[in-house]
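Q: Got a structure for you, written out below as structure tokens; questions coming shortly.
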Amino acid sequence: MAIRRFPDVQRLLVADLEDIVGAGRAAVQTPDDMEADLPFVRVMRIGGGRTWISDVSTIDVDVFAGSYVAAEALAEQITDWLCGPPP
């Protein structure tokens with residue numbers, strides 16, 4: 001019998017966010033040399049419930065950039081993408 005698993009929402013979101021911030025600039029944890037990869041986006045699952053039928057994730061998206069203005073602009077772009085119409 002094949003084991004069926006819920007998709008890894010964090011990794012799926014990282015893959016999609018790399019289209020916005022660039023390859024290697026999004027991950028589930030920050031790299032030690034993050035300053036070399038700015039802007040950088042970290043995606044973390046911070047909660048949510050799970051049943052046999054559904055897996056509801058609460059996700060935190062952190063944006064790091066060289067300045068507050070740059071981070072805010074990127075965060076707004078990501079928010080627009082997340083809350084916009086379905087792809």
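Labeling convention for the structure tokens: chains A, B, ... as they appear, residues from 1 per chain, ligands from 1 in order of appearance.
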Determine, using only C-alpha atoms, which residues of range 2-24 of chain A have any atom at most 8 Å from an atom of range 41-45 of chain A, and tabulate each with its shortest atom pair and distance in Å to one decimal place, rows ordered by chain and then rising number, as CSV.
A:
```
residue,atom,partner,partner_atom,distance
A:Gln10,CA,A:Val43,CA,6.0
A:Leu13,CA,A:Val43,CA,7.5
A:Val14,CA,A:Val43,CA,6.7
A:Leu17,CA,A:Val41,CA,7.9
A:Val21,CA,A:Val41,CA,7.8
```
Q: Store the residues of this selection in a file with all heavy atoms, as an mmCIF file, in the first residue's frame.
A:
```
data_model
loop_
_atom_site.group_PDB
_atom_site.id
_atom_site.type_symbol
_atom_site.label_atom_id
_atom_site.label_comp_id
_atom_site.auth_asym_id
_atom_site.auth_seq_id
_atom_site.Cartn_x
_atom_site.Cartn_y
_atom_site.Cartn_z
ATOM 1 N N GLN A 10 5.474 24.484 3.187
ATOM 2 C CA GLN A 10 6.637 25.370 3.273
ATOM 3 C C GLN A 10 7.477 25.286 2.007
ATOM 4 O O GLN A 10 7.822 26.299 1.406
ATOM 5 C CB GLN A 10 7.519 24.997 4.459
ATOM 6 C CG GLN A 10 6.982 25.390 5.803
ATOM 7 C CD GLN A 10 7.895 24.866 6.885
ATOM 8 O OE1 GLN A 10 7.670 23.795 7.408
ATOM 9 N NE2 GLN A 10 8.927 25.614 7.206
ATOM 10 N N LEU A 13 5.742 26.726 -1.072
ATOM 11 C CA LEU A 13 5.725 28.178 -1.040
ATOM 12 C C LEU A 13 7.107 28.749 -1.347
ATOM 13 O O LEU A 13 7.228 29.742 -2.072
ATOM 14 C CB LEU A 13 5.216 28.672 0.317
ATOM 15 C CG LEU A 13 4.923 30.151 0.462
ATOM 16 C CD1 LEU A 13 3.988 30.645 -0.632
ATOM 17 C CD2 LEU A 13 4.320 30.437 1.826
ATOM 18 N N VAL A 14 8.158 28.134 -0.833
ATOM 19 C CA VAL A 14 9.524 28.575 -1.136
ATOM 20 C C VAL A 14 9.761 28.524 -2.638
ATOM 21 O O VAL A 14 10.292 29.465 -3.227
ATOM 22 C CB VAL A 14 10.563 27.709 -0.377
ATOM 23 C CG1 VAL A 14 11.948 27.865 -0.982
ATOM 24 C CG2 VAL A 14 10.583 28.083 1.090
ATOM 25 N N LEU A 17 7.931 31.406 -4.226
ATOM 26 C CA LEU A 17 8.504 32.703 -3.874
ATOM 27 C C LEU A 17 9.832 32.959 -4.579
ATOM 28 O O LEU A 17 10.197 34.110 -4.815
ATOM 29 C CB LEU A 17 8.668 32.829 -2.363
ATOM 30 C CG LEU A 17 7.366 33.021 -1.585
ATOM 31 C CD1 LEU A 17 7.622 32.969 -0.089
ATOM 32 C CD2 LEU A 17 6.691 34.310 -1.976
ATOM 33 N N VAL A 21 11.648 36.484 -5.746
ATOM 34 C CA VAL A 21 12.897 37.012 -5.183
ATOM 35 C C VAL A 21 14.162 36.482 -5.845
ATOM 36 O O VAL A 21 15.236 37.036 -5.630
ATOM 37 C CB VAL A 21 12.982 36.783 -3.654
ATOM 38 C CG1 VAL A 21 11.904 37.545 -2.938
ATOM 39 C CG2 VAL A 21 12.936 35.321 -3.304
#
```
Q: Would you please extract all alpha helix (DSSP H) residues from chain A, as assigned by DSSP on the backbone, and give them as a CSV table (one decimal) with N, CA, C and O atoms, in the first residue's frame?
A:
```
chain,number,residue,atom,x,y,z
A,9,VAL,N,3.8,22.3,2.6
A,9,VAL,CA,3.4,23.6,2.2
A,9,VAL,C,4.6,24.6,2.2
A,9,VAL,O,4.7,25.5,1.4
A,10,GLN,N,5.5,24.5,3.2
A,10,GLN,CA,6.6,25.4,3.3
A,10,GLN,C,7.5,25.3,2.0
A,10,GLN,O,7.8,26.3,1.4
A,11,ARG,N,7.8,24.1,1.6
A,11,ARG,CA,8.7,23.9,0.4
A,11,ARG,C,8.0,24.4,-0.9
A,11,ARG,O,8.6,24.9,-1.7
A,12,LEU,N,6.7,24.1,-1.0
A,12,LEU,CA,6.0,24.6,-2.1
A,12,LEU,C,5.9,26.1,-2.2
A,12,LEU,O,6.1,26.7,-3.3
A,13,LEU,N,5.7,26.7,-1.1
A,13,LEU,CA,5.7,28.2,-1.0
A,13,LEU,C,7.1,28.7,-1.3
A,13,LEU,O,7.2,29.7,-2.1
A,14,VAL,N,8.2,28.1,-0.8
A,14,VAL,CA,9.5,28.6,-1.1
A,14,VAL,C,9.8,28.5,-2.6
A,14,VAL,O,10.3,29.5,-3.2
A,15,ALA,N,9.4,27.4,-3.3
A,15,ALA,CA,9.6,27.3,-4.7
A,15,ALA,C,8.8,28.4,-5.5
A,15,ALA,O,9.4,29.0,-6.4
A,16,ASP,N,7.6,28.7,-5.1
A,16,ASP,CA,6.9,29.8,-5.7
A,16,ASP,C,7.5,31.2,-5.5
A,16,ASP,O,7.5,32.0,-6.3
A,17,LEU,N,7.9,31.4,-4.2
A,17,LEU,CA,8.5,32.7,-3.9
A,17,LEU,C,9.8,33.0,-4.6
A,17,LEU,O,10.2,34.1,-4.8
A,18,GLU,N,10.5,31.9,-4.9
A,18,GLU,CA,11.8,32.1,-5.7
A,18,GLU,C,11.5,32.7,-7.0
A,18,GLU,O,12.4,33.4,-7.6
A,19,ASP,N,10.3,32.6,-7.6
A,19,ASP,CA,10.0,33.3,-8.8
A,19,ASP,C,9.9,34.8,-8.6
A,19,ASP,O,10.2,35.5,-9.5
A,20,ILE,N,9.7,35.2,-7.4
A,20,ILE,CA,9.6,36.6,-7.1
A,20,ILE,C,11.0,37.2,-6.6
A,20,ILE,O,11.4,38.2,-7.1
A,21,VAL,N,11.6,36.5,-5.7
A,21,VAL,CA,12.9,37.0,-5.2
A,21,VAL,C,14.2,36.5,-5.8
A,21,VAL,O,15.2,37.0,-5.6
A,68,TYR,N,14.9,49.0,5.5
A,68,TYR,CA,13.5,48.8,5.8
A,68,TYR,C,12.6,49.1,4.6
A,68,TYR,O,11.7,48.3,4.3
A,69,VAL,N,12.9,50.1,3.8
A,69,VAL,CA,12.1,50.4,2.6
A,69,VAL,C,12.1,49.3,1.6
A,69,VAL,O,11.1,48.9,1.1
A,70,ALA,N,13.3,48.7,1.4
A,70,ALA,CA,13.3,47.5,0.5
A,70,ALA,C,12.6,46.3,1.0
A,70,ALA,O,11.9,45.6,0.2
A,71,ALA,N,12.7,46.0,2.3
A,71,ALA,CA,12.0,44.9,2.9
A,71,ALA,C,10.5,45.1,2.8
A,71,ALA,O,9.7,44.2,2.5
A,72,GLU,N,10.0,46.3,3.1
A,72,GLU,CA,8.6,46.6,3.1
A,72,GLU,C,8.0,46.5,1.7
A,72,GLU,O,7.0,45.9,1.5
A,73,ALA,N,8.8,47.0,0.7
A,73,ALA,CA,8.3,46.9,-0.7
A,73,ALA,C,8.2,45.4,-1.1
A,73,ALA,O,7.2,45.0,-1.8
A,74,LEU,N,9.2,44.6,-0.8
A,74,LEU,CA,9.2,43.2,-1.1
A,74,LEU,C,8.0,42.5,-0.4
A,74,LEU,O,7.3,41.6,-1.0
A,75,ALA,N,7.9,42.8,0.9
A,75,ALA,CA,6.8,42.2,1.7
A,75,ALA,C,5.4,42.5,1.1
A,75,ALA,O,4.5,41.7,1.0
A,76,GLU,N,5.2,43.8,0.6
A,76,GLU,CA,4.0,44.1,-0.1
A,76,GLU,C,3.8,43.4,-1.4
A,76,GLU,O,2.7,42.9,-1.7
A,77,GLN,N,4.8,43.2,-2.1
A,77,GLN,CA,4.7,42.4,-3.4
A,77,GLN,C,4.3,41.0,-3.1
A,77,GLN,O,3.5,40.4,-3.7
A,78,ILE,N,4.9,40.4,-2.0
A,78,ILE,CA,4.6,39.0,-1.7
A,78,ILE,C,3.1,38.9,-1.1
A,78,ILE,O,2.4,38.0,-1.5
A,79,THR,N,2.7,39.9,-0.3
A,79,THR,CA,1.4,40.0,0.1
A,79,THR,C,0.4,40.0,-1.0
A,79,THR,O,-0.6,39.3,-1.0
A,80,ASP,N,0.6,40.9,-2.0
A,80,ASP,CA,-0.2,41.0,-3.1
A,80,ASP,C,-0.3,39.7,-3.9
A,80,ASP,O,-1.4,39.3,-4.3
A,81,TRP,N,0.8,39.0,-4.0
A,81,TRP,CA,0.8,37.7,-4.7
A,81,TRP,C,0.0,36.7,-3.9
A,81,TRP,O,-0.8,35.9,-4.5
A,82,LEU,N,0.2,36.6,-2.6
A,82,LEU,CA,-0.5,35.6,-1.7
A,82,LEU,C,-2.0,35.9,-1.7
A,82,LEU,O,-2.8,35.0,-1.6
A,83,CYS,N,-2.4,37.1,-1.6
A,83,CYS,CA,-3.8,37.5,-1.4
A,83,CYS,C,-4.5,37.8,-2.7
A,83,CYS,O,-5.7,38.1,-2.7
```
Q: Extract the full set of strand (DSSP E) residues from chain A according to DSSP on the backbone, and format it as a ChimeraX atom specification.
A: /A:26-27,40-47,58-64
Q: Please write the residues from the selection above to a file, keeping N, CA, C and O atoms, as a PDB file, in the first residue's frame.
A:
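Final output, saved to part-v2.pdb:
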```pdb
ATOM      1  N   ALA A  26      15.109  32.191  -1.104  1.00  0.00           N
ATOM      2  CA  ALA A  26      13.983  31.820  -0.240  1.00  0.00           C
ATOM      3  C   ALA A  26      14.255  30.418   0.274  1.00  0.00           C
ATOM      4  O   ALA A  26      14.782  29.573  -0.451  1.00  0.00           O
ATOM      5  N   ALA A  27      13.927  30.177   1.543  1.00  0.00           N
ATOM      6  CA  ALA A  27      14.162  28.863   2.146  1.00  0.00           C
ATOM      7  C   ALA A  27      13.349  28.751   3.426  1.00  0.00           C
ATOM      8  O   ALA A  27      12.715  29.713   3.864  1.00  0.00           O
ATOM      9  N   PHE A  40      16.173  38.254   1.128  1.00  0.00           N
ATOM     10  CA  PHE A  40      15.972  36.851   1.448  1.00  0.00           C
ATOM     11  C   PHE A  40      14.613  36.686   2.112  1.00  0.00           C
ATOM     12  O   PHE A  40      14.193  37.541   2.892  1.00  0.00           O
ATOM     13  N   VAL A  41      13.937  35.590   1.812  1.00  0.00           N
ATOM     14  CA  VAL A  41      12.623  35.307   2.387  1.00  0.00           C
ATOM     15  C   VAL A  41      12.674  33.954   3.092  1.00  0.00           C
ATOM     16  O   VAL A  41      13.114  32.961   2.514  1.00  0.00           O
ATOM     17  N   ARG A  42      12.233  33.950   4.361  1.00  0.00           N
ATOM     18  CA  ARG A  42      12.173  32.700   5.140  1.00  0.00           C
ATOM     19  C   ARG A  42      10.713  32.327   5.346  1.00  0.00           C
ATOM     20  O   ARG A  42       9.890  33.162   5.743  1.00  0.00           O
ATOM     21  N   VAL A  43      10.390  31.072   5.069  1.00  0.00           N
ATOM     22  CA  VAL A  43       9.027  30.561   5.220  1.00  0.00           C
ATOM     23  C   VAL A  43       9.029  29.521   6.335  1.00  0.00           C
ATOM     24  O   VAL A  43       9.777  28.547   6.278  1.00  0.00           O
ATOM     25  N   MET A  44       8.205  29.750   7.357  1.00  0.00           N
ATOM     26  CA  MET A  44       8.158  28.828   8.493  1.00  0.00           C
ATOM     27  C   MET A  44       6.714  28.456   8.815  1.00  0.00           C
ATOM     28  O   MET A  44       5.838  29.322   8.839  1.00  0.00           O
ATOM     29  N   ARG A  45       6.489  27.182   9.060  1.00  0.00           N
ATOM     30  CA  ARG A  45       5.182  26.749   9.548  1.00  0.00           C
ATOM     31  C   ARG A  45       5.179  26.970  11.054  1.00  0.00           C
ATOM     32  O   ARG A  45       6.031  26.440  11.780  1.00  0.00           O
ATOM     33  N   ILE A  46       4.207  27.751  11.537  1.00  0.00           N
ATOM     34  CA  ILE A  46       4.176  28.077  12.960  1.00  0.00           C
ATOM     35  C   ILE A  46       2.963  27.477  13.666  1.00  0.00           C
ATOM     36  O   ILE A  46       2.787  27.689  14.862  1.00  0.00           O
ATOM     37  N   GLY A  47       2.138  26.750  12.938  1.00  0.00           N
ATOM     38  CA  GLY A  47       0.974  26.141  13.576  1.00  0.00           C
ATOM     39  C   GLY A  47       0.011  25.585  12.549  1.00  0.00           C
ATOM     40  O   GLY A  47       0.323  25.443  11.378  1.00  0.00           O
ATOM     41  N   THR A  58      -0.561  27.223   9.314  1.00  0.00           N
ATOM     42  CA  THR A  58      -0.354  28.639   9.564  1.00  0.00           C
ATOM     43  C   THR A  58       1.114  28.893   9.246  1.00  0.00           C
ATOM     44  O   THR A  58       2.007  28.274   9.835  1.00  0.00           O
ATOM     45  N   ILE A  59       1.350  29.789   8.297  1.00  0.00           N
ATOM     46  CA  ILE A  59       2.692  30.030   7.776  1.00  0.00           C
ATOM     47  C   ILE A  59       3.123  31.452   8.099  1.00  0.00           C
ATOM     48  O   ILE A  59       2.340  32.395   7.979  1.00  0.00           O
ATOM     49  N   ASP A  60       4.383  31.603   8.502  1.00  0.00           N
ATOM     50  CA  ASP A  60       4.982  32.913   8.741  1.00  0.00           C
ATOM     51  C   ASP A  60       6.000  33.162   7.632  1.00  0.00           C
ATOM     52  O   ASP A  60       6.851  32.305   7.365  1.00  0.00           O
ATOM     53  N   VAL A  61       5.892  34.309   6.984  1.00  0.00           N
ATOM     54  CA  VAL A  61       6.827  34.678   5.920  1.00  0.00           C
ATOM     55  C   VAL A  61       7.621  35.891   6.395  1.00  0.00           C
ATOM     56  O   VAL A  61       7.051  36.954   6.632  1.00  0.00           O
ATOM     57  N   ASP A  62       8.930  35.711   6.567  1.00  0.00           N
ATOM     58  CA  ASP A  62       9.815  36.786   7.010  1.00  0.00           C
ATOM     59  C   ASP A  62      10.613  37.292   5.822  1.00  0.00           C
ATOM     60  O   ASP A  62      11.137  36.500   5.032  1.00  0.00           O
ATOM     61  N   VAL A  63      10.705  38.616   5.702  1.00  0.00           N
ATOM     62  CA  VAL A  63      11.436  39.239   4.596  1.00  0.00           C
ATOM     63  C   VAL A  63      12.634  40.000   5.160  1.00  0.00           C
ATOM     64  O   VAL A  63      12.480  40.814   6.072  1.00  0.00           O
ATOM     65  N   PHE A  64      13.806  39.719   4.620  1.00  0.00           N
ATOM     66  CA  PHE A  64      15.041  40.384   5.034  1.00  0.00           C
ATOM     67  C   PHE A  64      15.600  41.119   3.820  1.00  0.00           C
ATOM     68  O   PHE A  64      15.649  40.564   2.730  1.00  0.00           O
TER      69      PHE A  64
END
```
Q: Between CA of Leu38 in chain A and CA of Gly66 in chain A, measure the distance and give it in Å to one decimal.
A: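 Separation of CA of Leu38 in chain A and CA of Gly66 in chain A: 6.6 Å.
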Q: Using only C-alpha atoms, which residues sit within 8 Å of Asp37 in chain A once same-chain residues fewer than 4 positions away are excluded, as a PyMOL selection string?
A: chain A and resi 24-25+33
Q: Please report the interatomic distance between CA of Arg50 in chain A and CA of Phe6 in chain A in Å with one decimal.
A: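 Distance reported for this atom pair: 9.7 Å.
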Q: Could you tell me how far CA of Ile3 in chain A sits from CA of Ser57 in chain A, in Å to one decimal place?
A: 20.4 Å
